[in-house]
file structure_21.pdb (PDB, C-alpha atoms)
MODEL        1
ATOM      1  CA  MET A   1     -39.836 -16.742  52.223
ATOM      2  CA  ALA A   2     -41.842 -13.673  53.254
ATOM      3  CA  THR A   3     -42.582 -11.076  50.585
ATOM      4  CA  PRO A   4     -40.816  -7.750  51.235
ATOM      5  CA  ARG A   5     -42.889  -4.604  51.698
ATOM      6  CA  VAL A   6     -41.815  -0.976  51.424
ATOM      7  CA  LEU A   7     -42.371   1.529  54.205
ATOM      8  CA  GLU A   8     -42.506   5.198  53.267
ATOM      9  CA  LEU A   9     -41.655   7.366  56.270
ATOM     10  CA  ARG A  10     -42.534  11.043  55.967
ATOM     11  CA  SER A  11     -41.300  12.702  59.137
ATOM     12  CA  PRO A  12     -38.606  12.501  61.816
ATOM     13  CA  ARG A  13     -41.297  11.147  64.154
ATOM     14  CA  GLU A  14     -42.083   8.237  61.822
ATOM     15  CA  LEU A  15     -38.372   7.546  61.402
ATOM     16  CA  ARG A  16     -37.815   7.487  65.149
ATOM     17  CA  ALA A  17     -40.666   4.971  65.480
ATOM     18  CA  VAL A  18     -38.565   2.433  63.525
ATOM     19  CA  GLY A  19     -35.244   3.683  64.905
ATOM     20  CA  GLU A  20     -34.208   0.407  66.505
ATOM     21  CA  ALA A  21     -34.826  -1.559  63.304
ATOM     22  CA  TRP A  22     -33.070   1.161  61.263
ATOM     23  CA  ASP A  23     -29.952   1.044  63.414
ATOM     24  CA  ASP A  24     -29.998  -2.755  63.292
ATOM     25  CA  LEU A  25     -29.920  -2.519  59.484
ATOM     26  CA  LEU A  26     -27.041  -0.021  59.716
ATOM     27  CA  GLY A  27     -25.105  -2.640  61.679
ATOM     28  CA  ARG A  28     -25.555  -5.097  58.788
ATOM     29  CA  SER A  29     -24.691  -2.553  56.105
ATOM     30  CA  ALA A  30     -21.337  -1.589  54.589
ATOM     31  CA  ALA A  31     -22.395   2.079  54.928
ATOM     32  CA  SER A  32     -21.183   2.295  58.502
ATOM     33  CA  LEU A  33     -20.896   6.059  59.108
ATOM     34  CA  PRO A  34     -22.267   6.690  62.626
ATOM     35  CA  THR A  35     -24.290   9.712  61.482
ATOM     36  CA  PHE A  36     -26.451   7.358  59.393
ATOM     37  CA  ARG A  37     -28.166   6.342  62.641
ATOM     38  CA  ALA A  38     -31.911   6.992  62.717
ATOM     39  CA  GLU A  39     -31.687   9.623  65.454
ATOM     40  CA  CYS A  40     -28.881  11.518  63.684
ATOM     41  CA  LEU A  41     -30.902  11.510  60.467
ATOM     42  CA  ALA A  42     -33.997  12.713  62.346
ATOM     43  CA  GLN A  43     -31.943  15.530  63.894
ATOM     44  CA  TRP A  44     -30.644  16.564  60.463
ATOM     45  CA  LEU A  45     -34.159  16.665  59.020
ATOM     46  CA  ALA A  46     -35.531  18.661  61.953
ATOM     47  CA  HIS A  47     -32.714  21.225  61.747
ATOM     48  CA  PHE A  48     -32.081  21.641  58.017
ATOM     49  CA  GLU A  49     -35.437  20.663  56.470
ATOM     50  CA  PRO A  50     -38.031  21.501  59.143
ATOM     51  CA  ARG A  51     -40.820  22.220  56.625
ATOM     52  CA  ALA A  52     -40.029  19.490  54.133
ATOM     53  CA  VAL A  53     -41.818  16.181  53.769
ATOM     54  CA  PRO A  54     -39.031  13.625  53.369
ATOM     55  CA  ARG A  55     -39.531  10.348  51.574
ATOM     56  CA  ILE A  56     -37.606   7.761  53.576
ATOM     57  CA  LEU A  57     -37.961   4.361  51.917
ATOM     58  CA  ALA A  58     -37.308   1.214  53.930
ATOM     59  CA  VAL A  59     -37.761  -2.362  52.730
ATOM     60  CA  GLU A  60     -38.994  -4.746  55.406
ATOM     61  CA  ARG A  61     -39.116  -8.524  55.283
ATOM     62  CA  ALA A  62     -39.941 -10.986  58.040
ATOM     63  CA  GLY A  63     -39.950  -8.281  60.686
ATOM     64  CA  ARG A  64     -36.632  -6.611  59.907
ATOM     65  CA  LEU A  65     -35.357  -3.988  57.488
ATOM     66  CA  ILE A  66     -33.178  -5.179  54.610
ATOM     67  CA  ALA A  67     -32.725  -1.919  52.646
ATOM     68  CA  ALA A  68     -33.292   1.796  53.095
ATOM     69  CA  LEU A  69     -32.808   5.042  51.199
ATOM     70  CA  PRO A  70     -33.714   8.423  52.748
ATOM     71  CA  LEU A  71     -34.537  11.304  50.402
ATOM     72  CA  VAL A  72     -35.514  14.961  50.603
ATOM     73  CA  GLY A  73     -36.813  17.220  47.863
ATOM     74  CA  GLY A  74     -35.053  19.989  45.996
ATOM     75  CA  THR A  75     -34.634  21.259  42.459
ATOM     76  CA  THR A  76     -32.059  21.054  39.719
ATOM     77  CA  GLY A  77     -31.478  24.276  37.848
ATOM     78  CA  ARG A  78     -34.290  25.830  39.923
ATOM     79  CA  LEU A  79     -36.780  24.072  37.682
ATOM     80  CA  VAL A  80     -36.703  20.265  37.875
ATOM     81  CA  PRO A  81     -38.047  18.694  41.100
ATOM     82  CA  THR A  82     -35.269  16.461  42.387
ATOM     83  CA  GLY A  83     -34.862  13.931  45.159
ATOM     84  CA  ARG A  84     -31.578  14.143  47.095
ATOM     85  CA  LEU A  85     -29.877  12.397  49.972
ATOM     86  CA  PRO A  86     -30.118  14.220  53.322
ATOM     87  CA  MET A  87     -26.632  15.644  53.549
ATOM     88  CA  ASN A  88     -24.977  19.024  53.162
ATOM     89  CA  GLU A  89     -21.676  20.762  53.914
ATOM     90  CA  TRP A  90     -22.413  20.520  57.638
ATOM     91  CA  SER A  91     -23.100  16.807  57.980
ATOM     92  CA  PRO A  92     -23.716  13.631  55.955
ATOM     93  CA  CYS A  93     -26.752  11.823  57.347
ATOM     94  CA  GLY A  94     -28.172   9.766  54.491
ATOM     95  CA  GLU A  95     -26.934   6.843  52.415
ATOM     96  CA  LEU A  96     -28.065   3.626  50.786
ATOM     97  CA  LEU A  97     -28.302   0.949  53.474
ATOM     98  CA  LEU A  98     -28.261  -2.666  52.294
ATOM     99  CA  ASP A  99     -28.283  -5.786  54.434
ATOM    100  CA  GLU A 100     -25.011  -7.469  53.498
ATOM    101  CA  THR A 101     -26.446 -10.884  54.470
ATOM    102  CA  GLU A 102     -29.229 -10.665  51.854
ATOM    103  CA  PRO A 103     -29.048 -10.892  48.036
ATOM    104  CA  ALA A 104     -28.800  -7.297  46.856
ATOM    105  CA  GLU A 105     -31.152  -7.763  43.918
ATOM    106  CA  GLU A 106     -33.951  -9.002  46.196
ATOM    107  CA  SER A 107     -33.583  -5.984  48.477
ATOM    108  CA  LEU A 108     -33.258  -3.447  45.671
ATOM    109  CA  ALA A 109     -36.124  -4.545  43.419
ATOM    110  CA  PRO A 110     -38.917  -3.325  45.732
ATOM    111  CA  LEU A 111     -36.891  -0.233  46.604
ATOM    112  CA  LEU A 112     -36.517   0.737  42.931
ATOM    113  CA  ALA A 113     -40.219   0.095  42.315
ATOM    114  CA  ALA A 114     -41.071   2.500  45.138
ATOM    115  CA  LEU A 115     -38.623   5.116  43.834
ATOM    116  CA  THR A 116     -40.480   5.330  40.519
ATOM    117  CA  LYS A 117     -43.643   6.394  42.389
ATOM    118  CA  LEU A 118     -42.065   9.363  44.165
ATOM    119  CA  PRO A 119     -42.987  12.917  43.086
ATOM    120  CA  TRP A 120     -39.541  13.650  41.618
ATOM    121  CA  PRO A 121     -38.693  12.905  37.973
ATOM    122  CA  LEU A 122     -34.992  13.145  38.828
ATOM    123  CA  LEU A 123     -32.804  11.775  41.613
ATOM    124  CA  SER A 124     -29.406  13.391  42.276
ATOM    125  CA  LEU A 125     -27.560  11.086  44.656
ATOM    126  CA  GLY A 126     -24.293  12.926  45.179
ATOM    127  CA  TRP A 127     -21.450  12.641  47.665
ATOM    128  CA  VAL A 128     -21.499   8.843  47.624
ATOM    129  CA  PRO A 129     -18.772   6.235  46.956
ATOM    130  CA  PHE A 130     -20.340   5.231  43.650
ATOM    131  CA  GLU A 131     -17.841   2.410  43.017
ATOM    132  CA  ALA A 132     -18.707   0.682  46.318
ATOM    133  CA  PRO A 133     -20.466  -2.691  45.796
ATOM    134  CA  ARG A 134     -23.811  -1.454  47.166
ATOM    135  CA  TRP A 135     -23.906   1.469  44.724
ATOM    136  CA  ARG A 136     -22.826  -0.694  41.783
ATOM    137  CA  ALA A 137     -25.678  -3.049  42.673
ATOM    138  CA  PHE A 138     -28.047  -0.076  42.869
ATOM    139  CA  ARG A 139     -27.022   1.159  39.414
ATOM    140  CA  GLN A 140     -27.422  -2.301  37.918
ATOM    141  CA  ALA A 141     -30.857  -2.724  39.500
ATOM    142  CA  ALA A 142     -31.925   0.706  38.217
ATOM    143  CA  GLU A 143     -30.798  -0.171  34.698
ATOM    144  CA  ARG A 144     -32.660  -3.493  34.853
ATOM    145  CA  ALA A 145     -35.752  -1.520  35.869
ATOM    146  CA  GLY A 146     -35.408   0.576  32.720
ATOM    147  CA  LEU A 147     -34.250   3.763  34.452
ATOM    148  CA  ASP A 148     -31.693   6.108  32.932
ATOM    149  CA  VAL A 149     -28.541   6.252  35.057
ATOM    150  CA  GLU A 150     -25.583   8.612  34.780
ATOM    151  CA  THR A 151     -22.475   8.318  36.941
ATOM    152  CA  ARG A 152     -20.192  11.321  37.308
ATOM    153  CA  PRO A 153     -17.019  11.345  39.462
ATOM    154  CA  GLU A 154     -16.784  14.641  41.342
ATOM    155  CA  PHE A 155     -13.996  14.387  43.907
ATOM    156  CA  GLU A 156     -11.731  12.028  45.835
ATOM    157  CA  VAL A 157     -11.623  11.241  49.548
ATOM    158  CA  GLY A 158      -8.551  10.035  51.407
ATOM    159  CA  TRP A 159      -8.480   6.631  53.090
ATOM    160  CA  LEU A 160      -5.554   5.888  55.385
ATOM    161  CA  PRO A 161      -5.061   2.169  56.159
ATOM    162  CA  LEU A 162      -3.564   1.478  59.558
ATOM    163  CA  GLY A 163      -2.143  -1.662  61.093
ATOM    164  CA  GLU A 164      -0.870  -3.826  58.241
ATOM    165  CA  GLY A 165      -1.147  -0.838  55.889
ATOM    166  CA  MET A 166       1.492   1.183  57.731
ATOM    167  CA  GLU A 167       4.369   0.416  55.388
ATOM    168  CA  LYS A 168       2.335   1.378  52.330
ATOM    169  CA  ARG A 169       1.292   4.614  54.025
ATOM    170  CA  ALA A 170       4.842   5.508  55.037
ATOM    171  CA  ALA A 171       6.070   4.923  51.483
ATOM    172  CA  GLY A 172       3.546   7.460  50.213
ATOM    173  CA  ARG A 173       4.902  10.318  52.340
ATOM    174  CA  SER A 174       7.471  12.632  50.830
ATOM    175  CA  LYS A 175      10.736  13.557  52.531
ATOM    176  CA  ASN A 176       9.586  17.168  52.429
ATOM    177  CA  HIS A 177       6.444  16.363  54.399
ATOM    178  CA  ARG A 178       8.428  14.458  57.003
ATOM    179  CA  ARG A 179      10.865  17.345  57.363
ATOM    180  CA  ASN A 180       7.996  19.809  57.715
ATOM    181  CA  MET A 181       6.477  17.736  60.510
ATOM    182  CA  VAL A 182       9.796  17.671  62.377
ATOM    183  CA  ARG A 183      10.202  21.433  61.971
ATOM    184  CA  GLY A 184       6.629  22.098  63.033
ATOM    185  CA  ARG A 185       7.022  19.981  66.137
ATOM    186  CA  ARG A 186      10.205  21.830  67.106
ATOM    187  CA  LYS A 187       8.503  25.212  66.695
ATOM    188  CA  LEU A 188       5.597  24.226  68.923
ATOM    189  CA  GLU A 189       7.779  22.492  71.501
ATOM    190  CA  ALA A 190       9.709  25.736  71.834
ATOM    191  CA  LEU A 191       6.471  27.231  73.166
ATOM    192  CA  GLY A 192       5.641  24.378  75.519
ATOM    193  CA  PRO A 193       5.368  20.579  75.713
ATOM    194  CA  LEU A 194       2.993  18.938  73.254
ATOM    195  CA  ARG A 195       0.184  16.748  74.555
ATOM    196  CA  LEU A 196      -2.518  14.820  72.721
ATOM    197  CA  GLU A 197      -5.880  14.642  74.484
ATOM    198  CA  VAL A 198      -8.390  12.162  73.060
ATOM    199  CA  LEU A 199     -11.906  12.148  74.506
ATOM    200  CA  GLU A 200     -13.676   9.021  73.298
ATOM    201  CA  ALA A 201     -15.613   7.837  76.353
ATOM    202  CA  LEU A 202     -17.640  10.943  77.144
ATOM    203  CA  ARG A 203     -21.124  10.615  78.576
ATOM    204  CA  PRO A 204     -23.739  12.726  76.762
ATOM    205  CA  GLU A 205     -23.912  15.224  79.620
ATOM    206  CA  GLU A 206     -20.125  15.733  79.415
ATOM    207  CA  VAL A 207     -20.026  16.669  75.725
ATOM    208  CA  GLU A 208     -20.987  20.351  75.645
ATOM    209  CA  GLY A 209     -17.920  21.873  77.317
ATOM    210  CA  PRO A 210     -15.169  20.283  75.206
ATOM    211  CA  LEU A 211     -17.273  20.527  72.043
ATOM    212  CA  ARG A 212     -17.755  24.273  72.511
ATOM    213  CA  LEU A 213     -14.037  24.704  73.253
ATOM    214  CA  GLY A 214     -13.203  22.907  70.030
ATOM    215  CA  PHE A 215     -15.486  25.012  67.891
ATOM    216  CA  GLU A 216     -14.144  28.167  69.544
ATOM    217  CA  ILE A 217     -10.711  27.106  68.282
ATOM    218  CA  GLU A 218     -12.177  26.630  64.791
ATOM    219  CA  HIS A 219     -13.860  30.053  65.006
ATOM    220  CA  ARG A 220     -10.504  31.746  65.727
ATOM    221  CA  SER A 221      -9.085  30.351  62.486
ATOM    222  CA  TRP A 222      -9.676  31.636  58.949
ATOM    223  CA  LYS A 223     -13.083  29.953  59.016
ATOM    224  CA  GLY A 224     -14.358  32.464  61.561
ATOM    225  CA  ALA A 225     -13.178  35.401  59.469
ATOM    226  CA  ALA A 226     -14.773  33.861  56.370
ATOM    227  CA  GLY A 227     -18.053  33.194  58.177
ATOM    228  CA  SER A 228     -17.807  29.437  57.581
ATOM    229  CA  SER A 229     -17.136  28.256  61.130
ATOM    230  CA  VAL A 230     -19.776  26.420  63.148
ATOM    231  CA  LEU A 231     -20.111  29.339  65.580
ATOM    232  CA  SER A 232     -20.697  31.740  62.691
ATOM    233  CA  GLU A 233     -23.995  30.038  61.831
ATOM    234  CA  PRO A 234     -26.887  30.760  64.227
ATOM    235  CA  GLY A 235     -28.196  27.578  65.801
ATOM    236  CA  LEU A 236     -25.575  25.309  64.226
ATOM    237  CA  PHE A 237     -23.747  24.568  67.475
ATOM    238  CA  SER A 238     -27.023  23.226  68.892
ATOM    239  CA  PHE A 239     -27.247  20.816  65.956
ATOM    240  CA  TYR A 240     -23.723  19.526  66.517
ATOM    241  CA  LEU A 241     -24.312  19.246  70.242
ATOM    242  CA  GLU A 242     -27.392  17.060  69.677
ATOM    243  CA  GLN A 243     -25.480  14.945  67.162
ATOM    244  CA  ALA A 244     -22.436  14.589  69.411
ATOM    245  CA  MET A 245     -24.557  13.639  72.424
ATOM    246  CA  GLU A 246     -26.337  10.956  70.398
ATOM    247  CA  LEU A 247     -23.045   9.506  69.161
ATOM    248  CA  ALA A 248     -21.622   9.635  72.686
ATOM    249  CA  ARG A 249     -24.527   7.437  73.830
ATOM    250  CA  HIS A 250     -23.215   4.743  71.508
ATOM    251  CA  GLY A 251     -19.510   5.280  72.225
ATOM    252  CA  GLU A 252     -18.908   6.598  68.696
ATOM    253  CA  LEU A 253     -17.882  10.200  69.393
ATOM    254  CA  LEU A 254     -14.238  11.282  69.418
ATOM    255  CA  LEU A 255     -12.983  14.766  70.292
ATOM    256  CA  ALA A 256      -9.238  15.363  70.042
ATOM    257  CA  PHE A 257      -7.057  18.284  71.121
ATOM    258  CA  LEU A 258      -3.390  19.033  70.604
ATOM    259  CA  HIS A 259      -2.175  21.109  73.540
ATOM    260  CA  VAL A 260       0.932  23.296  73.536
ATOM    261  CA  GLY A 261       1.681  23.721  77.194
ATOM    262  CA  GLU A 262      -1.659  24.654  78.737
ATOM    263  CA  ARG A 263      -3.182  26.022  75.513
ATOM    264  CA  PRO A 264      -5.190  23.969  72.994
ATOM    265  CA  ALA A 265      -3.646  24.579  69.567
ATOM    266  CA  ALA A 266      -5.779  22.288  67.369
ATOM    267  CA  PHE A 267      -9.065  20.405  67.576
ATOM    268  CA  GLU A 268     -10.776  17.594  65.722
ATOM    269  CA  TYR A 269     -14.396  16.434  65.760
ATOM    270  CA  GLY A 270     -14.699  12.859  64.558
ATOM    271  CA  TRP A 271     -16.490   9.558  64.898
ATOM    272  CA  ARG A 272     -15.543   5.905  65.404
ATOM    273  CA  ARG A 273     -17.388   2.829  64.229
ATOM    274  CA  ALA A 274     -16.417  -0.748  63.363
ATOM    275  CA  GLY A 275     -12.687  -0.074  63.731
ATOM    276  CA  VAL A 276     -12.719   2.983  61.454
ATOM    277  CA  TYR A 277     -12.109   6.570  62.516
ATOM    278  CA  TYR A 278     -13.943   9.253  60.534
ATOM    279  CA  SER A 279     -12.050  12.548  60.612
ATOM    280  CA  TYR A 280     -14.736  15.158  60.004
ATOM    281  CA  LYS A 281     -13.993  18.688  61.256
ATOM    282  CA  VAL A 282     -10.590  20.158  62.069
ATOM    283  CA  GLY A 283      -9.673  23.577  63.437
ATOM    284  CA  TYR A 284      -6.537  25.206  64.766
ATOM    285  CA  ASP A 285      -5.572  28.383  66.598
ATOM    286  CA  PRO A 286      -3.806  30.729  64.131
ATOM    287  CA  ALA A 287      -1.448  31.783  66.929
ATOM    288  CA  PHE A 288       0.274  28.419  66.390
ATOM    289  CA  ALA A 289      -0.010  28.299  62.587
ATOM    290  CA  ALA A 290       3.764  28.359  62.000
ATOM    291  CA  GLY A 291       4.014  24.928  63.609
ATOM    292  CA  SER A 292       1.286  23.269  61.485
ATOM    293  CA  PRO A 293      -0.785  22.187  64.509
ATOM    294  CA  GLY A 294      -3.544  20.612  62.401
ATOM    295  CA  GLN A 295      -1.023  18.365  60.636
ATOM    296  CA  LEU A 296       0.680  17.467  63.908
ATOM    297  CA  LEU A 297      -2.692  16.595  65.435
ATOM    298  CA  MET A 298      -3.392  14.268  62.517
ATOM    299  CA  GLY A 299      -0.026  12.592  63.008
ATOM    300  CA  GLU A 300      -0.719  12.133  66.717
ATOM    301  CA  LEU A 301      -4.148  10.659  65.972
ATOM    302  CA  ILE A 302      -2.601   8.218  63.510
ATOM    303  CA  GLY A 303      -0.301   7.004  66.272
ATOM    304  CA  HIS A 304      -3.240   6.796  68.680
ATOM    305  CA  GLY A 305      -5.201   4.781  66.138
ATOM    306  CA  GLU A 306      -2.330   2.379  65.575
ATOM    307  CA  ALA A 307      -2.096   1.730  69.311
ATOM    308  CA  ALA A 308      -5.894   1.335  69.577
ATOM    309  CA  GLY A 309      -6.077  -1.146  66.689
ATOM    310  CA  TRP A 310      -8.042   0.979  64.222
ATOM    311  CA  ARG A 311      -8.338  -0.497  60.742
ATOM    312  CA  GLY A 312      -8.069   2.880  59.122
ATOM    313  CA  MET A 313      -8.842   6.575  59.041
ATOM    314  CA  HIS A 314     -11.473   7.950  56.668
ATOM    315  CA  CYS A 315     -10.485  11.550  55.831
ATOM    316  CA  MET A 316     -13.942  12.832  54.977
ATOM    317  CA  GLY A 317     -14.592  15.556  52.447
ATOM    318  CA  PRO A 318     -12.810  16.383  49.172
ATOM    319  CA  LEU A 319      -9.143  15.463  49.292
ATOM    320  CA  THR A 320      -6.839  18.380  50.150
ATOM    321  CA  PRO A 321      -3.034  18.622  49.703
ATOM    322  CA  ALA A 322      -2.650  18.545  53.501
ATOM    323  CA  VAL A 323      -4.404  15.165  53.693
ATOM    324  CA  ALA A 324      -2.829  13.777  50.516
ATOM    325  CA  ALA A 325       0.628  14.434  52.006
ATOM    326  CA  TRP A 326       0.078  11.487  54.402
ATOM    327  CA  GLY A 327       0.152   8.972  51.543
ATOM    328  CA  VAL A 328      -3.552   8.199  51.615
ATOM    329  CA  GLU A 329      -5.381   5.964  49.204
ATOM    330  CA  ARG A 330      -7.930   7.758  47.035
ATOM    331  CA  LEU A 331     -11.624   6.845  47.036
ATOM    332  CA  ALA A 332     -13.799   8.162  44.185
ATOM    333  CA  PHE A 333     -16.997   9.968  45.161
ATOM    334  CA  GLY A 334     -19.671  11.336  42.864
TER
ENDMDL
END
call {"tool": "encode", "arguments": {"input": "structure_21.pdb", "output": "C-alpha cells"}}
result
Amino acid sequence: MATPRVLELRSPRELRAVGEAWDDLLGRSAASLPTFRAECLAQWLAHFEPRAVPRILAVERAGRLIAALPLVGGTTGRLVPTGRLPMNEWSPCGELLLDETEPAEESLAPLLAALTKLPWPLLSLGWVPFEAPRWRAFRQAAERAGLDVETRPEFEVGWLPLGEGMEKRAAGRSKNHRRNMVRGRRKLEALGPLRLEVLEALRPEEVEGPLRLGFEIEHRSWKGAAGSSVLSEPGLFSFYLEQAMELARHGELLLAFLHVGERPAAFEYGWRRAGVYYSYKVGYDPAFAAGSPGQLLMGELIGHGEAAGWRGMHCMGPLTPAVAAWGVERLAFG
C-alpha cells in the first residue's frame, strides 16, 4: 500500500489547485456541511483572512486525499500563538475531513505528525461536534502521539430528525408551543394568505435578487438596529453572494420565504447536502412579529422537508428557546 504524504497548502490559490480532490474527500467524509467545499473555504480565507498565511494540511495516498484539516493563525489571551479552524460568526468553512472508507488511525497519524511542526504551540479547535466519531478518533490519535488534549463542551445545537423521527419530534413539542403556532398563523392569515416559497434550484446568475431581498428582511429586524445584520457589515453581502452562487452550482443552496399576501414576512438562508437541511440564517420583518413569522417559516420548512424526503434538519448555531420548542435532539459542540 502506498505511503501517505502530507500536503501543506498556504493560500486560497493552492487550495483551489486541489479543489476537485478536496471536494471528493468531502463526499467521503461525515463532515458534510456544503460550506466545507474547497471553493467556499477559499472564499472565506480571501474575505476574512486576506493577509494571513493559512496552514491547510491534506493527507494524500495513492492519488487521492484521505484526510484534511484547514487552520489559520490567531492568539489566545493576546499572547499565545494559536491555530484555529477557519470559521467565525458569519460562516463555518473548516472542519476535520476524514475518508470514512479508510482506517482513521492510518489517516490521522501523518496529519498529527504534521501538526506538531506548525508554528503554533496551541490549537483551539472550537465549534465542532467533539463527540462525533471523527473527533473522538482525532483526540485518541493526539493522545497516542503524546499531545495534551482538553475537551470543553461550550454549547448545544439542535438536530431535528424527519421521516421516521416525526413521532419523537412531535412528542417533544409542548401544548403551549402548538397553541402559539395556531395563534400566530391566525394573526398572519388575517393580513393575507400565507405562502411558502422555497428556491432550491437557482442557477448562480439567479441568486443575487432573492438573496438581497432576504437580507433586506433581516436588516429590518432587530439585527439591523443592533448592527449585526449582513447588510450592516461593509462587503459582507458580497461574501454571501459568492458563497451562495458556489453552492447553487452544486444544487446545495436553499432560500426560503414566508409570504403574507404579497409581502415577504420571513426569510431563511440555508443549505442542503446528503439529505440534510442546514438552517443557517433567519430573518423576519418586525411588522409581522406578533404572528411569529420566523417560527411559522420553520414549521413550513419542516413540512416541505418531510415531503421532500429529508433525513433531518440541522439547526446551526447555539440552541435557542425558539428552536428547542420544536422538540429537537441536542448535539454537544465545543
call {"tool": "atom_distance", "arguments": {"input": "structure_21.pdb", "atom1": "CA of Pro12 in chain A", "atom2": "CA of Leu71 in chain A"}}
result
12.2 Å
call {"tool": "resolve_selection", "arguments": {"input": "structure_21.pdb", "expression": "the PyMOL selection byres ((chain A and resi 142-155) around 10)", "output": "PyMOL selection string"}}
result
chain A and resi 108-109+111-113+115-116+122-131+136-141+156-157+317-319+330-334
call {"tool": "residues_around", "arguments": {"input": "structure_21.pdb", "residues": "Pro193 in chain A", "least_positions_apart": "2", "cutoff": "12 Å", "atoms": "all atoms listed in the file", "output": "list of chain:residue names"}}
result
A:Arg185, A:Arg186, A:Lys187, A:Leu188, A:Glu189, A:Ala190, A:Leu191, A:Arg195, A:Leu196, A:Leu258, A:His259, A:Val260, A:Gly261, A:Glu262, A:Arg263, A:Pro264, A:Ala265
call {"tool": "closest_residue", "arguments": {"input": "structure_21.pdb", "among": "A:Ala62, A:Tyr284, A:Glu200, A:Gly303", "to": "Gly270 in chain A", "atoms": "only C-alpha atoms"}}
result
A:Glu200
call {"tool": "resolve_selection", "arguments": {"input": "structure_21.pdb", "expression": "the PyMOL selection byres ((chain A and resi 30) around 9)", "output": "PDB file with C-alpha atoms, in the coordinates of the input"}}
result
ATOM      1  CA  LEU A  26     -27.041  -0.021  59.716  1.00  0.00           C
ATOM      2  CA  GLY A  27     -25.105  -2.640  61.679  1.00  0.00           C
ATOM      3  CA  ARG A  28     -25.555  -5.097  58.788  1.00  0.00           C
ATOM      4  CA  SER A  29     -24.691  -2.553  56.105  1.00  0.00           C
ATOM      5  CA  ALA A  31     -22.395   2.079  54.928  1.00  0.00           C
ATOM      6  CA  SER A  32     -21.183   2.295  58.502  1.00  0.00           C
ATOM      7  CA  LEU A  33     -20.896   6.059  59.108  1.00  0.00           C
ATOM      8  CA  LEU A  97     -28.302   0.949  53.474  1.00  0.00           C
ATOM      9  CA  LEU A  98     -28.261  -2.666  52.294  1.00  0.00           C
ATOM     10  CA  ASP A  99     -28.283  -5.786  54.434  1.00  0.00           C
ATOM     11  CA  GLU A 100     -25.011  -7.469  53.498  1.00  0.00           C
ATOM     12  CA  ALA A 132     -18.707   0.682  46.318  1.00  0.00           C
ATOM     13  CA  PRO A 133     -20.466  -2.691  45.796  1.00  0.00           C
ATOM     14  CA  ARG A 134     -23.811  -1.454  47.166  1.00  0.00           C
TER      15      ARG A 134
END
call {"tool": "residues_around", "arguments": {"input": "structure_21.pdb", "residues": "Arg16 in chain A", "least_positions_apart": "6", "cutoff": "9 Å", "atoms": "only C-alpha atoms", "output": "list of chain:residue names"}}
result
A:Trp22, A:Ala38, A:Glu39, A:Ala42
call {"tool": "atom_distance", "arguments": {"input": "structure_21.pdb", "atom1": "CA of Trp222 in chain A", "atom2": "CA of Ala322 in chain A"}}
result
15.8 Å
call {"tool": "atom_distance", "arguments": {"input": "structure_21.pdb", "atom1": "CA of Gly305 in chain A", "atom2": "CA of Tyr277 in chain A"}}
result
8.0 Å
call {"tool": "resolve_selection", "arguments": {"input": "structure_21.pdb", "expression": "the PyMOL selection byres ((chain A and resi 205) around 12)", "output": "NGL selection string"}}
result
:A and (201-204 or 206-211 or 241-242 or 244-249)
call {"tool": "residues_around", "arguments": {"input": "structure_21.pdb", "residues": "Leu7 in chain A", "least_positions_apart": "4", "cutoff": "10 Å", "atoms": "only C-alpha atoms", "output": "list in words"}}
result
Arg55, Ile56, Leu57, Ala58, Val59, Glu60, Leu65, Ala68, Leu111 and Ala114 of chain A
call {"tool": "closest_residue", "arguments": {"input": "structure_21.pdb", "among": "A:Gly163, A:Pro4, A:Pro86, A:Gly294", "to": "Pro110 in chain A", "atoms": "all atoms listed in the file"}}
result
A:Pro4
call {"tool": "closest_residue", "arguments": {"input": "structure_21.pdb", "among": "A:Ser229, A:Ser174, A:Thr101, A:Thr82", "to": "Gly327 in chain A", "atoms": "all atoms listed in the file"}}
result
A:Ser174
call {"tool": "closest_residue", "arguments": {"input": "structure_21.pdb", "among": "A:Cys315, A:Leu213, A:Val282, A:Val198", "to": "Leu301 in chain A", "atoms": "only C-alpha atoms"}}
result
A:Val198
call {"tool": "closest_residue", "arguments": {"input": "structure_21.pdb", "among": "A:Leu160, A:Cys93, A:Ala266, A:Glu106", "to": "Leu194 in chain A", "atoms": "only C-alpha atoms"}}
result
A:Ala266
call {"tool": "closest_residue", "arguments": {"input": "structure_21.pdb", "among": "A:Leu69, A:Ala307, A:Leu296, A:Val18", "to": "Leu96 in chain A", "atoms": "all atoms listed in the file"}}
result
A:Leu69
call {"tool": "residues_around", "arguments": {"input": "structure_21.pdb", "residues": "Glu329 in chain A", "least_positions_apart": "4", "cutoff": "9 Å", "atoms": "all atoms listed in the file", "output": "VMD selection string"}}
result
chain A and resid 157 to 161 169 324
call {"tool": "residues_around", "arguments": {"input": "structure_21.pdb", "residues": "Ser91 in chain A", "least_positions_apart": "5", "cutoff": "10 Å", "atoms": "all atoms listed in the file", "output": "number ranges by chain"}}
result
A: 35, 40-41, 44, 86, 239-240, 243, 280-281
